[in-house]
4 protein chains.
Amino acid sequence: MNIEKLAELFKKFPGIGPRQARRFAYFVISKNNDYIESLMSAINVARKSVKRCDQCFRLFEIKKSEKTCDICSDSKRDRSILMIVAKDIDLENVEKSRAFNGQYFVLGGPLPILEKEPEKFMRINEMLTRVEQLLNEGILNEIILALNANTEGENTALYLENKLSIFKDIHKLKISRLGRGLSTGTELEYSDSDTLNYALRNRF
Amino acid sequence: MNIEKLAELFKKFPGIGPRQARRFAYFVISKNNDYIESLMSAINVARKSVKRCDQCFRLFEIKKSEKTCDICSDSKRDRSILMIVAKDIDLENVEKSRAFNGQYFVLGGPLPILEKEPEKFMRINEMLTRVEQLLNEGILNEIILALNANTEGENTALYLENKLSIFKDIHKLKISRLGRGLSTGTELEYSDSDTLNYALRNRF
Amino acid sequence: MNIEKLAELFKKFPGIGPRQARRFAYFVISKNNDYIESLMSAINVARKSVKRCDQCFRLFEIKKSEKTCDICSDSKRDRSILMIVAKDIDLENVEKSRAFNGQYFVLGGPLPILEKEPEKFMRINEMLTRVEQLLNEGILNEIILALNANTEGENTALYLENKLSIFKDIHKLKISRLGRGLSTGTELEYSDSDTLNYALRNRF
Amino acid sequence: MNIEKLAELFKKFPGIGPRQARRFAYFVISKNNDYIESLMSAINVARKSVKRCDQCFRLFEIKKSEKTCDICSDSKRDRSILMIVAKDIDLENVEKSRAFNGQYFVLGGPLPILEKEPEKFMRINEMLTRVEQLLNEGILNEIILALNANTEGENTALYLENKLSIFKDIHKLKISRLGRGLSTGTELEYSDSDTLNYALRNRF
């Protein structure tokens with residue numbers, strides 16, 4: 001039963017089904033003490049040293065005892081533009097692309113369709129607070145809703161647009177979305193109408 | 001040997017390997033006369049009634065004995081803009097999306113990387129002739145290179161841009177490409193740098 | 001419409017969906033006359049020169065005007081054992097393995113579950129006639145039901161066992177099936193109970 | 001860096017690549033204390049309560065302080081037959097099939113091709129000791145090498161046959177392998193020669 005209990009907990013890992021959860025259980029039982037101690041220590045160290053930034057809410061590694069991440073506290077980054085993403089891993093991938101030099105906000109997850117309690121899935125109030133902070137600085141003029149190009153992402157974007165609409169008129173804030181079109185690898189033969197329409201509108 | 005010969009010919013069908021070619025051979029041998037006669041007659045009828053348009057070079061079904069397809073001879077379509085595609089099936093998919101109301105030209109295929117005889121893969125001279133025809137009408141002001149967002153499509157676009165550069169200065173012709181960005185279904189977490197860069201540039 | 005009609009006929013090819021059928025239609029329309037004439041001629045030649053053997057009902061290439069295939073008329077092959085297969089391609093694969101030197105009978109297809117008219121799917125009467133012929137020679141002592149190891153194959157085997165049961169007692173005919181166990185590539189971790197049970201029973 | 005270190009350790013989990021390892025790192029950092037404490041406690045409990053049996057070397061859950069697993073100490077199980085498997089998960093799947101009621105030995109892994117130090121991958125000495133123990137009881141008469149039907153499994157079986165050959169003559173011990181043939185789902189059309197040969201030999 002102890003193997004089952006352990007497998008049950010591994011099933012909560014992202015993308016892990018019952019079979020692989022069971023293999024994980026066998027794996028951690030079979031491994032030597034050194035590995036298991038390293039793993040547990042690494043989890044504890046990471047959980048202590050990695051905190052959510054009090055401004056963008058991304059996970060970052062604390063050096064001393066700072067509460068704000070290196071992106072938010074970097075004076076060279078553009079404070080006139082804020083990108084809202086669903087997850088840490090989205091932010092990480094945008095950073096890797098070096099395509100963006102502004103501020104971020106990590107919502108914590110996309111909004112499932114027909115969800116009645118969005119606050120359970122996303123840091124809405126924290127987001128509104130952060131937008132107000134930046135607006136008070138008097139520099140912010142655009143928010144990019146950087147969400148996945150699927151129905152959940154669309155749902156999230158519509159919800160956020162509604163939430164952010166109050167700032168639009170008062171502060172002349174622009175609310176934009178990521179450009180649509182052919183992504184790398186897309187073939188015309190297999191493209192859907194939406195993608196082709198955007199690709200034609202955004203031709204360059 | 002006759003089965004082998006037949007399978008050999010079916011291997012040339014698009015996307016068909018030796019195993020399926022063999023199944024096709026057995027299939028046409030086993031089928032009743034009615035089906036085979038229908039198939040051969042349909043091939044002959046289609047080959048006779050379907051011709052390449054003398055302007056855009058797409059395949060179309062002749063009604064009387066016209067040489068120009070219904071798109072090229074449709075007076076309601078915009079003659080100021082020409083979309084160049086690699087294949088008939090690309091044109092068909094763009095038409096289905098209803099995103100475009102201009103003229104087309106079907107090249108006949110993308111240009112393989114490092115290919116030394118592009119004319120073998122694409123109707124270059126026919127394309128140049130068609131562009132000149134449209135320029136002589138005095139209305140054409142943009143050519144869209146509508147190619148797949150992969151290395152072969154990129155290679156083809158570069159080759160065409162070079163070929164068309166002569167018209168750019170003389171006629172103030174704009175040469176554009178399809179917009180890049182998130183295509184339907186794209187997730188930020190898995191997007192490459194190119195796609196993210198374009199998505200940020202084309203935000204809306 | 002002629003393209004559609006042609007695509008409709010290609011959709012009947014084994015394993016071909018609407019999209020690929022359409023590509024096939026474009027393909028045969030675009031190809032040069034030489035290829036199309038070769039293809040049609042190869043189909044006609046194959047259909048004329050390839051006949052079903054009057055004993056095993058496999059397709060084979062006629063050399064002169066013989067009605068019996070080279071396997072059935074080969075005096076070196078064992079006439080005491082008959083393998084019943086569903087399709088020509090099954091027979092072909094068994095021959096390639098060189099594992100069997102007896103006689104064959106090609107049924108024409110497996111029996112779908114709950115099918116009420118088995119004769120429409122399989123040459124039952126021809127099979128019974130062939131079995132009687134071989135029994136009259138006085139040598140036949142085993143029939144192998146060589147069917148796929150899936151529910152349809154199982155269904156077919158049960159049906160055939162019933163049909164052949166009349167010969168079992170009169171002629172002391174053995175009715176067998178192909179051995180079950182680990183097939184090449186099978187991993188223990190992913191094997192179902194049936195396979196493991198057979199593998200244990202057939203250990204060697 | 002602490003995230004990287006943690007991801008590095010998750011990369012050792014079976015079947016986990018760098019991307020998923022990183023997601024796991026984010027996952028354990030983001031989860032609440034309750035979950036992490038449950039996970040760590042479950043790992044510790046499982047590692048303490050799950051031991052390798054001193055006879056078959058499978059992992060099993062200790063009830064009191066026994067050293068021998070419930071299978072090895074079950075007097076109803078047949079002691080005349082020993083099945084050697086590569087991994088715990090293989091044993092588990094054979095047990096689930098209820099096809100076998102004898103003794104087991106878990107080697108610890110298959111032998112990679114061309115490996116020069118087999119002892120690093122498999123408990124060879126422990127296996128030989130276990131076989132001698134059972135032989136001394138005077139009941140053991142067969143060892144089944146139950147390995148995957150792939151090249152690594154074949155390699156392991158050959159190695160074990162050689163190692164066990166000393167017992168064959170002295171004790172009239174039978175060394176067998178799992179039966180080969182069609183496994184559930186196998187289609188004749190796609191079967192390799194080995195599988196067909198075995199299927200014919202093992203027909204029933």
# chains A, B, ... in the order shown; residues from 1 in each chain; ligands from 1

$ interface_residues --of "chain A" --to "chain C" --cutoff "12 Å" --atoms "only C-alpha atoms" --output "ChimeraX atom specification"
/A:19-20,23,189-190

$ calpha_fit_and_write --fixed "chain C" --moving "chain D" --output "PDB file with C-alpha atoms, in the first residue's frame"
ATOM      1  CA  MET D   1     -17.296  18.252 -60.211  1.00  0.00           C
ATOM      2  CA  ASN D   2     -15.156  15.934 -62.314  1.00  0.00           C
ATOM      3  CA  ILE D   3     -12.331  16.340 -59.802  1.00  0.00           C
ATOM      4  CA  GLU D   4     -14.792  15.519 -57.006  1.00  0.00           C
ATOM      5  CA  LYS D   5     -16.046  12.426 -58.847  1.00  0.00           C
ATOM      6  CA  LEU D   6     -12.494  11.216 -59.330  1.00  0.00           C
ATOM      7  CA  ALA D   7     -11.584  11.920 -55.686  1.00  0.00           C
ATOM      8  CA  GLU D   8     -14.689   9.995 -54.645  1.00  0.00           C
ATOM      9  CA  LEU D   9     -13.391   6.908 -56.474  1.00  0.00           C
ATOM     10  CA  PHE D  10      -9.900   7.232 -54.977  1.00  0.00           C
ATOM     11  CA  LYS D  11     -11.510   7.310 -51.507  1.00  0.00           C
ATOM     12  CA  LYS D  12     -12.273   3.601 -51.993  1.00  0.00           C
ATOM     13  CA  PHE D  13      -8.551   2.791 -52.161  1.00  0.00           C
ATOM     14  CA  PRO D  14      -7.424   0.994 -48.973  1.00  0.00           C
ATOM     15  CA  GLY D  15      -6.497   3.446 -46.205  1.00  0.00           C
ATOM     16  CA  ILE D  16      -7.249   6.608 -48.204  1.00  0.00           C
ATOM     17  CA  GLY D  17      -9.248   9.490 -46.670  1.00  0.00           C
ATOM     18  CA  PRO D  18     -10.900  12.439 -48.435  1.00  0.00           C
ATOM     19  CA  ARG D  19      -7.837  14.689 -48.272  1.00  0.00           C
ATOM     20  CA  GLN D  20      -5.430  12.212 -49.822  1.00  0.00           C
ATOM     21  CA  ALA D  21      -8.075  11.166 -52.361  1.00  0.00           C
ATOM     22  CA  ARG D  22      -8.167  14.784 -53.519  1.00  0.00           C
ATOM     23  CA  ARG D  23      -4.382  14.909 -53.793  1.00  0.00           C
ATOM     24  CA  PHE D  24      -4.498  11.732 -55.890  1.00  0.00           C
ATOM     25  CA  ALA D  25      -7.065  13.379 -58.183  1.00  0.00           C
ATOM     26  CA  TYR D  26      -4.809  16.416 -58.675  1.00  0.00           C
ATOM     27  CA  PHE D  27      -1.868  14.082 -59.139  1.00  0.00           C
ATOM     28  CA  VAL D  28      -3.374  12.038 -61.983  1.00  0.00           C
ATOM     29  CA  ILE D  29      -4.715  15.189 -63.657  1.00  0.00           C
ATOM     30  CA  SER D  30      -1.304  16.899 -63.556  1.00  0.00           C
ATOM     31  CA  LYS D  31       0.871  13.971 -64.622  1.00  0.00           C
ATOM     32  CA  ASN D  32       2.024  13.668 -68.245  1.00  0.00           C
ATOM     33  CA  ASN D  33       0.355  11.349 -70.723  1.00  0.00           C
ATOM     34  CA  ASP D  34       3.206   8.842 -70.599  1.00  0.00           C
ATOM     35  CA  TYR D  35       2.726   8.129 -66.912  1.00  0.00           C
ATOM     36  CA  ILE D  36      -1.063   7.883 -67.153  1.00  0.00           C
ATOM     37  CA  GLU D  37      -0.864   5.564 -70.133  1.00  0.00           C
ATOM     38  CA  SER D  38       1.675   3.379 -68.316  1.00  0.00           C
ATOM     39  CA  LEU D  39      -0.573   3.273 -65.262  1.00  0.00           C
ATOM     40  CA  MET D  40      -3.732   2.364 -67.164  1.00  0.00           C
ATOM     41  CA  SER D  41      -1.900  -0.195 -69.249  1.00  0.00           C
ATOM     42  CA  ALA D  42      -0.313  -1.702 -66.120  1.00  0.00           C
ATOM     43  CA  ILE D  43      -3.740  -1.960 -64.495  1.00  0.00           C
ATOM     44  CA  ASN D  44      -5.197  -3.657 -67.574  1.00  0.00           C
ATOM     45  CA  VAL D  45      -2.248  -6.000 -68.015  1.00  0.00           C
ATOM     46  CA  ALA D  46      -2.267  -6.929 -64.315  1.00  0.00           C
ATOM     47  CA  ARG D  47      -6.016  -7.510 -64.303  1.00  0.00           C
ATOM     48  CA  LYS D  48      -5.706  -9.772 -67.360  1.00  0.00           C
ATOM     49  CA  SER D  49      -2.571 -11.636 -66.311  1.00  0.00           C
ATOM     50  CA  VAL D  50      -3.387 -11.890 -62.626  1.00  0.00           C
ATOM     51  CA  LYS D  51      -6.146 -14.341 -61.802  1.00  0.00           C
ATOM     52  CA  ARG D  52      -7.460 -16.037 -58.712  1.00  0.00           C
ATOM     53  CA  CYS D  53      -6.186 -19.611 -58.512  1.00  0.00           C
ATOM     54  CA  ASP D  54      -9.077 -22.073 -58.883  1.00  0.00           C
ATOM     55  CA  GLN D  55      -7.810 -24.047 -55.890  1.00  0.00           C
ATOM     56  CA  CYS D  56      -6.500 -21.616 -53.253  1.00  0.00           C
ATOM     57  CA  PHE D  57      -8.125 -18.454 -54.683  1.00  0.00           C
ATOM     58  CA  ARG D  58      -4.982 -16.385 -54.266  1.00  0.00           C
ATOM     59  CA  LEU D  59      -4.100 -13.896 -56.980  1.00  0.00           C
ATOM     60  CA  PHE D  60      -1.265 -15.141 -59.178  1.00  0.00           C
ATOM     61  CA  GLU D  61       0.277 -14.266 -62.511  1.00  0.00           C
ATOM     62  CA  ILE D  62      -0.729 -16.553 -65.351  1.00  0.00           C
ATOM     63  CA  LYS D  63       2.162 -17.680 -67.535  1.00  0.00           C
ATOM     64  CA  LYS D  64       0.262 -19.521 -70.272  1.00  0.00           C
ATOM     65  CA  SER D  65      -3.379 -20.127 -69.568  1.00  0.00           C
ATOM     66  CA  GLU D  66      -3.155 -22.186 -66.413  1.00  0.00           C
ATOM     67  CA  LYS D  67      -5.913 -21.918 -63.846  1.00  0.00           C
ATOM     68  CA  THR D  68      -3.942 -23.167 -60.872  1.00  0.00           C
ATOM     69  CA  CYS D  69      -1.196 -21.158 -59.195  1.00  0.00           C
ATOM     70  CA  ASP D  70       2.453 -22.208 -58.864  1.00  0.00           C
ATOM     71  CA  ILE D  71       2.013 -23.052 -55.172  1.00  0.00           C
ATOM     72  CA  CYS D  72      -1.024 -25.296 -55.651  1.00  0.00           C
ATOM     73  CA  SER D  73       0.578 -27.040 -58.630  1.00  0.00           C
ATOM     74  CA  ASP D  74       3.984 -27.482 -56.983  1.00  0.00           C
ATOM     75  CA  SER D  75       4.401 -31.220 -56.377  1.00  0.00           C
ATOM     76  CA  LYS D  76       7.079 -30.584 -53.732  1.00  0.00           C
ATOM     77  CA  ARG D  77       4.646 -28.899 -51.371  1.00  0.00           C
ATOM     78  CA  ASP D  78       3.070 -30.842 -48.565  1.00  0.00           C
ATOM     79  CA  ARG D  79      -0.557 -31.766 -49.351  1.00  0.00           C
ATOM     80  CA  SER D  80      -1.306 -33.045 -45.861  1.00  0.00           C
ATOM     81  CA  ILE D  81      -1.667 -29.578 -44.378  1.00  0.00           C
ATOM     82  CA  LEU D  82      -3.835 -26.607 -45.433  1.00  0.00           C
ATOM     83  CA  MET D  83      -3.463 -23.068 -44.121  1.00  0.00           C
ATOM     84  CA  ILE D  84      -6.517 -20.828 -44.305  1.00  0.00           C
ATOM     85  CA  VAL D  85      -5.702 -17.087 -44.409  1.00  0.00           C
ATOM     86  CA  ALA D  86      -7.929 -14.044 -44.688  1.00  0.00           C
ATOM     87  CA  LYS D  87      -6.081 -12.081 -47.364  1.00  0.00           C
ATOM     88  CA  ASP D  88      -3.589 -12.407 -50.217  1.00  0.00           C
ATOM     89  CA  ILE D  89      -1.165 -10.193 -48.338  1.00  0.00           C
ATOM     90  CA  ASP D  90      -1.222 -12.575 -45.341  1.00  0.00           C
ATOM     91  CA  LEU D  91      -0.309 -15.485 -47.622  1.00  0.00           C
ATOM     92  CA  GLU D  92       2.451 -13.410 -49.179  1.00  0.00           C
ATOM     93  CA  ASN D  93       3.945 -12.621 -45.775  1.00  0.00           C
ATOM     94  CA  VAL D  94       3.827 -16.275 -44.656  1.00  0.00           C
ATOM     95  CA  GLU D  95       5.559 -17.313 -47.914  1.00  0.00           C
ATOM     96  CA  LYS D  96       8.253 -14.692 -47.326  1.00  0.00           C
ATOM     97  CA  SER D  97       8.936 -16.186 -43.885  1.00  0.00           C
ATOM     98  CA  ARG D  98       9.614 -19.625 -45.485  1.00  0.00           C
ATOM     99  CA  ALA D  99       7.984 -21.124 -42.400  1.00  0.00           C
ATOM    100  CA  PHE D 100       5.327 -23.132 -44.211  1.00  0.00           C
ATOM    101  CA  ASN D 101       5.457 -25.645 -47.051  1.00  0.00           C
ATOM    102  CA  GLY D 102       1.832 -26.814 -47.273  1.00  0.00           C
ATOM    103  CA  GLN D 103      -1.288 -25.727 -49.166  1.00  0.00           C
ATOM    104  CA  TYR D 104      -3.200 -22.449 -48.753  1.00  0.00           C
ATOM    105  CA  PHE D 105      -6.720 -21.146 -49.029  1.00  0.00           C
ATOM    106  CA  VAL D 106      -7.449 -17.399 -49.240  1.00  0.00           C
ATOM    107  CA  LEU D 107     -10.830 -16.598 -47.719  1.00  0.00           C
ATOM    108  CA  GLY D 108     -11.100 -13.058 -48.996  1.00  0.00           C
ATOM    109  CA  GLY D 109     -11.432 -11.273 -45.677  1.00  0.00           C
ATOM    110  CA  PRO D 110     -11.970 -11.684 -41.973  1.00  0.00           C
ATOM    111  CA  LEU D 111     -15.504 -11.923 -40.657  1.00  0.00           C
ATOM    112  CA  PRO D 112     -16.706  -8.703 -38.990  1.00  0.00           C
ATOM    113  CA  ILE D 113     -18.258  -9.135 -35.536  1.00  0.00           C
ATOM    114  CA  LEU D 114     -22.023  -9.809 -35.592  1.00  0.00           C
ATOM    115  CA  GLU D 115     -22.069 -10.081 -39.391  1.00  0.00           C
ATOM    116  CA  LYS D 116     -25.153 -11.978 -40.482  1.00  0.00           C
ATOM    117  CA  GLU D 117     -24.068 -12.810 -44.023  1.00  0.00           C
ATOM    118  CA  PRO D 118     -20.564 -14.278 -43.748  1.00  0.00           C
ATOM    119  CA  GLU D 119     -20.697 -15.444 -47.380  1.00  0.00           C
ATOM    120  CA  LYS D 120     -20.517 -11.832 -48.485  1.00  0.00           C
ATOM    121  CA  PHE D 121     -17.125 -11.445 -46.806  1.00  0.00           C
ATOM    122  CA  MET D 122     -15.537 -14.826 -47.296  1.00  0.00           C
ATOM    123  CA  ARG D 123     -15.443 -17.638 -49.873  1.00  0.00           C
ATOM    124  CA  ILE D 124     -17.022 -20.198 -47.535  1.00  0.00           C
ATOM    125  CA  ASN D 125     -18.431 -22.574 -50.157  1.00  0.00           C
ATOM    126  CA  GLU D 126     -15.260 -22.475 -52.200  1.00  0.00           C
ATOM    127  CA  MET D 127     -13.308 -23.290 -49.033  1.00  0.00           C
ATOM    128  CA  LEU D 128     -15.529 -26.256 -48.181  1.00  0.00           C
ATOM    129  CA  THR D 129     -15.186 -27.544 -51.767  1.00  0.00           C
ATOM    130  CA  ARG D 130     -11.386 -27.199 -51.580  1.00  0.00           C
ATOM    131  CA  VAL D 131     -11.236 -29.046 -48.247  1.00  0.00           C
ATOM    132  CA  GLU D 132     -13.350 -31.881 -49.698  1.00  0.00           C
ATOM    133  CA  GLN D 133     -11.088 -32.087 -52.764  1.00  0.00           C
ATOM    134  CA  LEU D 134      -8.026 -32.434 -50.566  1.00  0.00           C
ATOM    135  CA  LEU D 135      -9.764 -34.928 -48.263  1.00  0.00           C
ATOM    136  CA  ASN D 136     -10.704 -37.026 -51.295  1.00  0.00           C
ATOM    137  CA  GLU D 137      -7.018 -37.255 -52.140  1.00  0.00           C
ATOM    138  CA  GLY D 138      -6.732 -38.999 -48.764  1.00  0.00           C
ATOM    139  CA  ILE D 139      -3.679 -37.111 -47.553  1.00  0.00           C
ATOM    140  CA  LEU D 140      -4.982 -34.002 -45.761  1.00  0.00           C
ATOM    141  CA  ASN D 141      -4.805 -34.311 -41.978  1.00  0.00           C
ATOM    142  CA  GLU D 142      -4.579 -30.747 -40.642  1.00  0.00           C
ATOM    143  CA  ILE D 143      -6.109 -27.356 -41.309  1.00  0.00           C
ATOM    144  CA  ILE D 144      -4.419 -24.317 -39.753  1.00  0.00           C
ATOM    145  CA  LEU D 145      -6.669 -21.311 -39.179  1.00  0.00           C
ATOM    146  CA  ALA D 146      -4.072 -18.559 -39.639  1.00  0.00           C
ATOM    147  CA  LEU D 147      -5.937 -15.426 -38.584  1.00  0.00           C
ATOM    148  CA  ASN D 148      -4.974 -12.189 -36.902  1.00  0.00           C
ATOM    149  CA  ALA D 149      -4.740 -12.310 -33.096  1.00  0.00           C
ATOM    150  CA  ASN D 150      -7.550  -9.783 -32.641  1.00  0.00           C
ATOM    151  CA  THR D 151     -11.307  -9.956 -32.068  1.00  0.00           C
ATOM    152  CA  GLU D 152     -12.126 -10.095 -35.780  1.00  0.00           C
ATOM    153  CA  GLY D 153      -9.626 -12.900 -36.299  1.00  0.00           C
ATOM    154  CA  GLU D 154     -11.032 -14.740 -33.280  1.00  0.00           C
ATOM    155  CA  ASN D 155     -14.553 -14.295 -34.641  1.00  0.00           C
ATOM    156  CA  THR D 156     -13.478 -15.686 -38.018  1.00  0.00           C
ATOM    157  CA  ALA D 157     -11.728 -18.659 -36.417  1.00  0.00           C
ATOM    158  CA  LEU D 158     -14.798 -19.573 -34.350  1.00  0.00           C
ATOM    159  CA  TYR D 159     -16.999 -19.383 -37.435  1.00  0.00           C
ATOM    160  CA  LEU D 160     -14.625 -21.539 -39.471  1.00  0.00           C
ATOM    161  CA  GLU D 161     -14.219 -24.125 -36.689  1.00  0.00           C
ATOM    162  CA  ASN D 162     -17.949 -24.516 -36.659  1.00  0.00           C
ATOM    163  CA  LYS D 163     -18.155 -24.833 -40.459  1.00  0.00           C
ATOM    164  CA  LEU D 164     -15.283 -27.358 -40.525  1.00  0.00           C
ATOM    165  CA  SER D 165     -16.469 -29.411 -37.548  1.00  0.00           C
ATOM    166  CA  ILE D 166     -18.291 -31.861 -39.864  1.00  0.00           C
ATOM    167  CA  PHE D 167     -14.956 -33.051 -41.256  1.00  0.00           C
ATOM    168  CA  LYS D 168     -13.321 -33.410 -37.862  1.00  0.00           C
ATOM    169  CA  ASP D 169     -14.989 -36.633 -36.794  1.00  0.00           C
ATOM    170  CA  ILE D 170     -15.412 -38.308 -40.179  1.00  0.00           C
ATOM    171  CA  HIS D 171     -11.884 -37.735 -41.422  1.00  0.00           C
ATOM    172  CA  LYS D 172      -9.952 -37.370 -38.162  1.00  0.00           C
ATOM    173  CA  LEU D 173      -8.954 -33.973 -39.433  1.00  0.00           C
ATOM    174  CA  LYS D 174      -7.009 -31.781 -36.993  1.00  0.00           C
ATOM    175  CA  ILE D 175      -8.104 -28.133 -36.900  1.00  0.00           C
ATOM    176  CA  SER D 176      -5.337 -25.961 -35.413  1.00  0.00           C
ATOM    177  CA  ARG D 177      -4.541 -22.300 -34.915  1.00  0.00           C
ATOM    178  CA  LEU D 178      -1.299 -20.343 -35.046  1.00  0.00           C
ATOM    179  CA  GLY D 179       0.664 -20.466 -31.809  1.00  0.00           C
ATOM    180  CA  ARG D 180       0.309 -17.600 -29.393  1.00  0.00           C
ATOM    181  CA  GLY D 181       3.056 -16.134 -27.204  1.00  0.00           C
ATOM    182  CA  LEU D 182       5.560 -13.295 -27.229  1.00  0.00           C
ATOM    183  CA  SER D 183       5.935 -11.892 -30.737  1.00  0.00           C
ATOM    184  CA  THR D 184       9.198 -10.237 -31.706  1.00  0.00           C
ATOM    185  CA  GLY D 185       9.544  -7.015 -29.733  1.00  0.00           C
ATOM    186  CA  THR D 186       7.014  -7.882 -27.026  1.00  0.00           C
ATOM    187  CA  GLU D 187       8.001  -6.693 -23.537  1.00  0.00           C
ATOM    188  CA  LEU D 188       6.814  -8.540 -20.437  1.00  0.00           C
ATOM    189  CA  GLU D 189       5.911  -5.322 -18.673  1.00  0.00           C
ATOM    190  CA  TYR D 190       3.309  -4.464 -21.301  1.00  0.00           C
ATOM    191  CA  SER D 191       1.992  -7.944 -22.128  1.00  0.00           C
ATOM    192  CA  ASP D 192      -1.674  -8.760 -21.565  1.00  0.00           C
ATOM    193  CA  SER D 193      -2.782 -11.818 -19.592  1.00  0.00           C
ATOM    194  CA  ASP D 194      -3.695 -13.843 -22.687  1.00  0.00           C
ATOM    195  CA  THR D 195      -0.256 -13.423 -24.208  1.00  0.00           C
ATOM    196  CA  LEU D 196       1.478 -14.319 -20.916  1.00  0.00           C
ATOM    197  CA  ASN D 197      -0.703 -17.372 -20.406  1.00  0.00           C
ATOM    198  CA  TYR D 198       0.058 -18.645 -23.903  1.00  0.00           C
ATOM    199  CA  ALA D 199       3.752 -17.784 -23.509  1.00  0.00           C
ATOM    200  CA  LEU D 200       3.923 -19.909 -20.369  1.00  0.00           C
ATOM    201  CA  ARG D 201       2.038 -22.783 -21.902  1.00  0.00           C
ATOM    202  CA  ASN D 202       4.212 -22.740 -25.034  1.00  0.00           C
ATOM    203  CA  ARG D 203       7.541 -22.370 -23.287  1.00  0.00           C
ATOM    204  CA  PHE D 204      10.414 -24.187 -24.947  1.00  0.00           C
TER     205      PHE D 204
END

$ select_by_dssp --residues "chain D" --states "helix (DSSP H, G or I)" --output "ChimeraX atom specification"
/D:2-10,18-30,33-49,88-97,118-120,124-137,151-171,188-190,193-201

$ select_by_dssp --residues "region 54-169 of chain D" --states "strand (DSSP E or B)" --output "VMD selection string"
chain D and resid 59 to 61 81 to 85 103 to 106 142 to 146

$ write_last_selection --atoms "C-alpha atoms" --output "tab-separated table (two decimals), in the first residue's frame"
chain	number	residue	atom	x	y	z
D	59	LEU	CA	10.66	-5.04	-3.77
D	60	PHE	CA	7.93	-5.85	-1.26
D	61	GLU	CA	6.28	-4.18	1.70
D	81	ILE	CA	9.85	-23.89	-11.19
D	82	LEU	CA	11.72	-20.55	-11.09
D	83	MET	CA	11.03	-17.60	-13.37
D	84	ILE	CA	13.86	-15.13	-13.90
D	85	VAL	CA	12.69	-11.61	-14.88
D	103	GLN	CA	9.06	-18.85	-7.73
D	104	TYR	CA	10.66	-15.68	-9.12
D	105	PHE	CA	14.04	-14.03	-9.30
D	106	VAL	CA	14.41	-10.33	-10.20
D	142	GLU	CA	12.90	-25.82	-14.47
D	143	ILE	CA	14.10	-22.26	-14.85
D	144	ILE	CA	12.15	-19.98	-17.20
D	145	LEU	CA	14.11	-17.08	-18.66
D	146	ALA	CA	11.26	-14.57	-18.99
